[in-house]
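Have a look at the structure below, then the notes.
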Amino acid sequence: MKKLLSFGLFMLTALVFTAFRPLIGTGYGIGDTAADFKLTNVDGTQHSLAGIQGAKGYIVVFTCNACPYAQAYEDRIIELHKKYAPLGFSVVAINPNDKNVQPGDSFDKMKERAKAKQYPFLYLYDETQEVAKNYGATRTPHVYVLDAARTVRYIGAIDDNSEDPSGVTEKYVENAVDALLAGKEVATKETKAIGCSIKWRKS
Amino acid sequence: MLRLLLLLLLVSPFASTAQDIVFVKADEIARWKAPAGDTVRVINFWATWCQPCVAELPAFEKITAEYAGRPVQVILVCTDFKRDVDTRVRPFVQKKKLRSQVVFMDESNPNKWIDSVSPEWSGAIPATLIVCPAKGVERFFEQQLDYETLRKEVEAALR
């Protein structure tokens with residue numbers, strides 16, 4: 001009986017800790033290993049990071065259709081992929097927004113946008129929002145640069161001027177990827193930017 | 001000509017009721033966080049295109065109205081693009097008849113100032129900081145707030 005009671009207590013403690021875990025220290029930090037995922041691309045096919053051939057790393061961008069900041073960076077995200085995919089760093093764009101909260105970010109709207117702008121990269125739908133939660137993404141756009149082993153090497157903004165591409169003085173993501181390609185330490189590992197909050201599903 | 005002048009004189013008092021948006025730089029944040037005496041400052045970061053921000057604006061306006069005459073100040077810090085200030089922000093502030101003070105954060109690189117608002121802030125909006133240094137109050141929220149939550153926070157800071 002006593003054994004059963006202590007086991008019960010143990011289970012209860014475990015349950016409480018599991019339940020509250022997401023509240024403490026959410027998401028990845030620099031040096032953490034990011035989990036792979038399997039998400040649906042705008043063409044209907046399933047994709048994971050492991051499926052990208054010859055990858056030396058990944059530029060994971062949480063972004064969406066509707067957010068003006070994401071829109072401001074759209075062309076720059078396309079350019080990032082065009083420049084770095086041939087060097088082994090593909091852009092993997094993920095839309096984490098709930099379509100009921102932001103109808104402009106539905107899967108159908110994603111398809112339309114990807115087609116209209118001829119996205120050269122994967123544009124994946126994180127319908128359950130699990131990937132965004134695992135990563136600790138809070139806004140769009142929110143970038144995670146990973147190395148080949150999926151170690152998180154940079155988290156933050158694409159560059160230091162969202163409104164005006166010609167006013168950019170520091171290209172954070174490019175600098176991070178250049179450093180990784182050169183086998184060097186990333187100098188600026190984390191930055192912050194104003195962005196649209198991820199539209200979490202209302203429970 | 002005289003008629004025009006008269007018209008201007010008649011119109012101007014009404015025109016001046018619409019507030020003008022003050023452009024601020026990042027060094028203003030430190031001053032916001034250090035109000036004189038036991039003043040409570042409620043500093044909200046928003047944008048016209050941000051739905052949850054627009055949805056919570058009435059709650060901040062209600063704080064401004066309900067706590068008029070008390071040491072409570074609401075500052076609505078606009079983070080729209082600078083090119084949209086005349087075309088979107090000013091018309092929005094006018095249409096909504098915002099009474100709380102609206103300022104525009106005239107900085108191109110948020111990475112330079114987000115941490116000075118709060119290290120807890122990722123940069124997602126809406127975000128709100130409630131400070132009252134005299135009472136040791138500094139509360140940060142990266143979420144949409146409702147009036148009741150705001151009122152409780154302001155009351156706690158005033159106590």
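Ordered as shown in the structure tokens, chains take letters A, B, and onward, while each chain numbers its residues from 1 and ligands are numbered from 1 in the order shown.
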As a list in words, could you give me every residue of chain A near chain B (at most 8 Å apart, counting only C-alpha atoms)?
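Filtering chain A at 8 Å from chain B with only C-alpha atoms gives Pro68, Thr138, Arg139, Asp160, Asn161, Ser162, Glu163, Thr191, Lys192, Ala193, Ile194, Gly195, Cys196, Ser197 and Ile198 of chain A.
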Do a neighbour search on Val101 of chain A at 10 Å with only C-alpha atoms, toss out local chain neighbours closer than 3 positions, and write the hits as a count of residues only.
12
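All residues in segment 62-153 of chain A with a DSSP state of strand (DSSP E or B), computed from the backbone, read Phe62, Phe89, Ser90, Val91, Val92, Ala93, Ile94, Asn95, Leu122, Tyr123, Leu124, Tyr125, Arg139, Thr140, His142, Val143, Tyr144, Val145, Leu146, Asp147, Thr151, Val152 and Arg153 of chain A.
Compared by their closest atoms to Ala176 of chain A, and using only C-alpha atoms, the residues A:Leu80, A:Ala55, A:Ala137, A:Ala35 rank with A:Leu80 nearest.
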Selection: 6 Å around Ile94 of chain A, only C-alpha atoms, excl. self and same-chain fewer than 6 positions, as a PyMOL selection string
chain A and resi 62-63+123-125
Can I get the selection written as an mmCIF file, in the first residue's frame, with all heavy atoms?
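Written out: again-v4.cif:
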data_model
loop_
_atom_site.group_PDB
_atom_site.id
_atom_site.type_symbol
_atom_site.label_atom_id
_atom_site.label_comp_id
_atom_site.auth_asym_id
_atom_site.auth_seq_id
_atom_site.Cartn_x
_atom_site.Cartn_y
_atom_site.Cartn_z
ATOM 1 N N PHE A 62 10.504 31.309 -39.581
ATOM 2 C CA PHE A 62 9.075 31.344 -39.278
ATOM 3 C C PHE A 62 8.539 32.634 -39.868
ATOM 4 O O PHE A 62 8.985 33.727 -39.507
ATOM 5 C CB PHE A 62 8.836 31.268 -37.763
ATOM 6 C CG PHE A 62 9.206 29.927 -37.209
ATOM 7 C CD1 PHE A 62 10.481 29.679 -36.717
ATOM 8 C CD2 PHE A 62 8.286 28.882 -37.231
ATOM 9 C CE1 PHE A 62 10.841 28.420 -36.240
ATOM 10 C CE2 PHE A 62 8.638 27.622 -36.761
ATOM 11 C CZ PHE A 62 9.908 27.400 -36.267
ATOM 12 N N THR A 63 7.631 32.487 -40.820
ATOM 13 C CA THR A 63 7.107 33.653 -41.506
ATOM 14 C C THR A 63 5.673 33.367 -41.932
ATOM 15 O O THR A 63 5.127 32.317 -41.611
ATOM 16 C CB THR A 63 8.021 34.036 -42.702
ATOM 17 O OG1 THR A 63 7.600 35.278 -43.241
ATOM 18 C CG2 THR A 63 8.012 32.977 -43.785
ATOM 19 N N TYR A 123 7.872 26.095 -48.417
ATOM 20 C CA TYR A 123 7.009 26.940 -47.590
ATOM 21 C C TYR A 123 6.043 25.979 -46.891
ATOM 22 O O TYR A 123 5.074 25.510 -47.485
ATOM 23 C CB TYR A 123 6.276 27.963 -48.464
ATOM 24 C CG TYR A 123 5.513 29.034 -47.706
ATOM 25 C CD1 TYR A 123 5.858 29.402 -46.409
ATOM 26 C CD2 TYR A 123 4.461 29.707 -48.316
ATOM 27 C CE1 TYR A 123 5.163 30.405 -45.741
ATOM 28 C CE2 TYR A 123 3.762 30.710 -47.658
ATOM 29 C CZ TYR A 123 4.117 31.053 -46.366
ATOM 30 O OH TYR A 123 3.424 32.038 -45.701
ATOM 31 N N LEU A 124 6.382 25.660 -45.658
ATOM 32 C CA LEU A 124 5.699 24.589 -44.936
ATOM 33 C C LEU A 124 4.636 25.126 -43.986
ATOM 34 O O LEU A 124 4.750 26.233 -43.460
ATOM 35 C CB LEU A 124 6.731 23.764 -44.140
ATOM 36 C CG LEU A 124 7.956 23.280 -44.921
ATOM 37 C CD1 LEU A 124 8.951 22.607 -43.972
ATOM 38 C CD2 LEU A 124 7.539 22.311 -46.027
ATOM 39 N N TYR A 125 3.637 24.297 -43.774
ATOM 40 C CA TYR A 125 2.511 24.692 -42.920
ATOM 41 C C TYR A 125 2.604 23.961 -41.580
ATOM 42 O O TYR A 125 2.475 22.737 -41.527
ATOM 43 C CB TYR A 125 1.215 24.349 -43.647
ATOM 44 C CG TYR A 125 -0.047 24.850 -42.979
ATOM 45 C CD1 TYR A 125 -0.058 26.022 -42.228
ATOM 46 C CD2 TYR A 125 -1.245 24.153 -43.133
ATOM 47 C CE1 TYR A 125 -1.221 26.475 -41.643
ATOM 48 C CE2 TYR A 125 -2.419 24.607 -42.545
ATOM 49 C CZ TYR A 125 -2.403 25.768 -41.802
ATOM 50 O OH TYR A 125 -3.550 26.212 -41.220
#
Spatial neighbours of Arg151 of chain B, max dist 10 Å, only C-alpha atoms, sep filter under 5 positions, as a PyMOL selection string
chain B and resi 59-60+62-63+66-67+146+156-157
Deliver the residues from the most recent selection as a file, using all heavy atoms, as a PDB file, in the first residue's frame.
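File produced: selection-v8.pdb:
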ATOM      1  N   ALA B  59      -8.928  49.238 -24.170  1.00  0.00           N
ATOM      2  CA  ALA B  59      -8.612  48.989 -22.756  1.00  0.00           C
ATOM      3  C   ALA B  59      -7.638  50.050 -22.234  1.00  0.00           C
ATOM      4  O   ALA B  59      -7.785  50.551 -21.113  1.00  0.00           O
ATOM      5  CB  ALA B  59      -8.032  47.584 -22.584  1.00  0.00           C
ATOM      6  N   PHE B  60      -6.653  50.406 -23.065  1.00  0.00           N
ATOM      7  CA  PHE B  60      -5.684  51.443 -22.660  1.00  0.00           C
ATOM      8  C   PHE B  60      -6.356  52.810 -22.607  1.00  0.00           C
ATOM      9  O   PHE B  60      -6.071  53.618 -21.725  1.00  0.00           O
ATOM     10  CB  PHE B  60      -4.491  51.442 -23.626  1.00  0.00           C
ATOM     11  CG  PHE B  60      -3.624  50.225 -23.475  1.00  0.00           C
ATOM     12  CD1 PHE B  60      -3.880  49.071 -24.201  1.00  0.00           C
ATOM     13  CD2 PHE B  60      -2.574  50.217 -22.574  1.00  0.00           C
ATOM     14  CE1 PHE B  60      -3.107  47.940 -24.038  1.00  0.00           C
ATOM     15  CE2 PHE B  60      -1.788  49.088 -22.400  1.00  0.00           C
ATOM     16  CZ  PHE B  60      -2.060  47.941 -23.144  1.00  0.00           C
ATOM     17  N   LYS B  62      -9.421  53.303 -21.917  1.00  0.00           N
ATOM     18  CA  LYS B  62     -10.273  53.321 -20.728  1.00  0.00           C
ATOM     19  C   LYS B  62      -9.438  53.627 -19.476  1.00  0.00           C
ATOM     20  O   LYS B  62      -9.895  54.345 -18.586  1.00  0.00           O
ATOM     21  CB  LYS B  62     -10.992  51.971 -20.585  1.00  0.00           C
ATOM     22  CG  LYS B  62     -12.202  52.046 -19.664  1.00  0.00           C
ATOM     23  CD  LYS B  62     -13.044  50.791 -19.733  1.00  0.00           C
ATOM     24  CE  LYS B  62     -14.102  50.817 -18.632  1.00  0.00           C
ATOM     25  NZ  LYS B  62     -14.818  49.546 -18.518  1.00  0.00           N
ATOM     26  N   ILE B  63      -8.216  53.111 -19.436  1.00  0.00           N
ATOM     27  CA  ILE B  63      -7.319  53.426 -18.309  1.00  0.00           C
ATOM     28  C   ILE B  63      -7.065  54.933 -18.274  1.00  0.00           C
ATOM     29  O   ILE B  63      -7.174  55.579 -17.230  1.00  0.00           O
ATOM     30  CB  ILE B  63      -5.970  52.650 -18.432  1.00  0.00           C
ATOM     31  CG1 ILE B  63      -6.190  51.144 -18.227  1.00  0.00           C
ATOM     32  CG2 ILE B  63      -4.920  53.203 -17.456  1.00  0.00           C
ATOM     33  CD1 ILE B  63      -6.486  50.708 -16.808  1.00  0.00           C
ATOM     34  N   GLU B  66     -10.374  56.567 -17.088  1.00  0.00           N
ATOM     35  CA  GLU B  66     -10.775  56.241 -15.719  1.00  0.00           C
ATOM     36  C   GLU B  66      -9.795  56.783 -14.669  1.00  0.00           C
ATOM     37  O   GLU B  66     -10.189  57.048 -13.543  1.00  0.00           O
ATOM     38  CB  GLU B  66     -10.896  54.715 -15.546  1.00  0.00           C
ATOM     39  CG  GLU B  66     -11.940  54.066 -16.444  1.00  0.00           C
ATOM     40  CD  GLU B  66     -13.367  54.269 -15.942  1.00  0.00           C
ATOM     41  OE1 GLU B  66     -13.591  54.043 -14.737  1.00  0.00           O
ATOM     42  OE2 GLU B  66     -14.229  54.657 -16.746  1.00  0.00           O
ATOM     43  N   TYR B  67      -8.541  56.894 -15.070  1.00  0.00           N
ATOM     44  CA  TYR B  67      -7.539  57.341 -14.096  1.00  0.00           C
ATOM     45  C   TYR B  67      -7.105  58.794 -14.332  1.00  0.00           C
ATOM     46  O   TYR B  67      -6.046  59.214 -13.866  1.00  0.00           O
ATOM     47  CB  TYR B  67      -6.326  56.396 -14.100  1.00  0.00           C
ATOM     48  CG  TYR B  67      -6.649  55.066 -13.460  1.00  0.00           C
ATOM     49  CD1 TYR B  67      -7.194  54.031 -14.210  1.00  0.00           C
ATOM     50  CD2 TYR B  67      -6.444  54.857 -12.100  1.00  0.00           C
ATOM     51  CE1 TYR B  67      -7.516  52.817 -13.629  1.00  0.00           C
ATOM     52  CE2 TYR B  67      -6.759  53.649 -11.508  1.00  0.00           C
ATOM     53  CZ  TYR B  67      -7.299  52.633 -12.279  1.00  0.00           C
ATOM     54  OH  TYR B  67      -7.617  51.437 -11.690  1.00  0.00           O
ATOM     55  N   ASP B 146      -6.530  42.694 -21.513  1.00  0.00           N
ATOM     56  CA  ASP B 146      -7.883  43.243 -21.438  1.00  0.00           C
ATOM     57  C   ASP B 146      -7.934  44.286 -20.319  1.00  0.00           C
ATOM     58  O   ASP B 146      -6.989  44.430 -19.533  1.00  0.00           O
ATOM     59  CB  ASP B 146      -8.930  42.140 -21.214  1.00  0.00           C
ATOM     60  CG  ASP B 146      -8.618  41.293 -19.997  1.00  0.00           C
ATOM     61  OD1 ASP B 146      -8.083  41.842 -19.000  1.00  0.00           O
ATOM     62  OD2 ASP B 146      -8.905  40.086 -20.030  1.00  0.00           O
ATOM     63  N   ALA B 156      -2.503  47.662  -8.462  1.00  0.00           N
ATOM     64  CA  ALA B 156      -1.408  47.078  -7.663  1.00  0.00           C
ATOM     65  C   ALA B 156      -0.217  48.030  -7.619  1.00  0.00           C
ATOM     66  O   ALA B 156       0.446  48.173  -6.585  1.00  0.00           O
ATOM     67  CB  ALA B 156      -1.005  45.727  -8.256  1.00  0.00           C
ATOM     68  N   ALA B 157       0.036  48.702  -8.730  1.00  0.00           N
ATOM     69  CA  ALA B 157       1.165  49.630  -8.792  1.00  0.00           C
ATOM     70  C   ALA B 157       0.887  50.903  -7.992  1.00  0.00           C
ATOM     71  O   ALA B 157       1.810  51.517  -7.452  1.00  0.00           O
ATOM     72  CB  ALA B 157       1.477  49.982 -10.246  1.00  0.00           C
TER      73      ALA B 157
END
Taking 3 positions as the minimum chain separation for residues in the same chain, which residues sit within 10 Å of segment 108-117 of chain A when counting only C-alpha atoms? Answer as a PyMOL selection string.
chain A and resi 41-44+64-66+74-75+78+95+99+103-105+120-125
DSSP on the backbone, then: every residue of segment 3-158 of chain B marked helix (DSSP H, G or I), written as a ChimeraX atom specification.
/B:3-15,28-32,51-66,82-95,110-112,114-117,133-135,147-158
With only C-alpha atoms as the basis for distance, which of A:Val186, A:Ala93, A:Ile158, A:Ala132 is at the shortest distance from Glu170 of chain A?
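Under the stated criterion, the closest residue is A:Ile158.
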Within 8 Å of segment 117-119 of chain B, counting only C-alpha atoms, which residues show up once you throw out same-chain ones fewer than 5 positions away? Write them as JSON, numbers by chain, please.
{"B": [29, 129, 140]}
Could you list, as a ChimeraX atom specification, every residue within 10 Å of Ala148 of chain A, counting only C-alpha atoms and ignoring same-chain residues fewer than 6 positions away?
/A:49-50,54-58,88-89,180
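Atom CA of Tyr154 of chain A is found 26.7 Å from atom CA of Gln118 of chain A.
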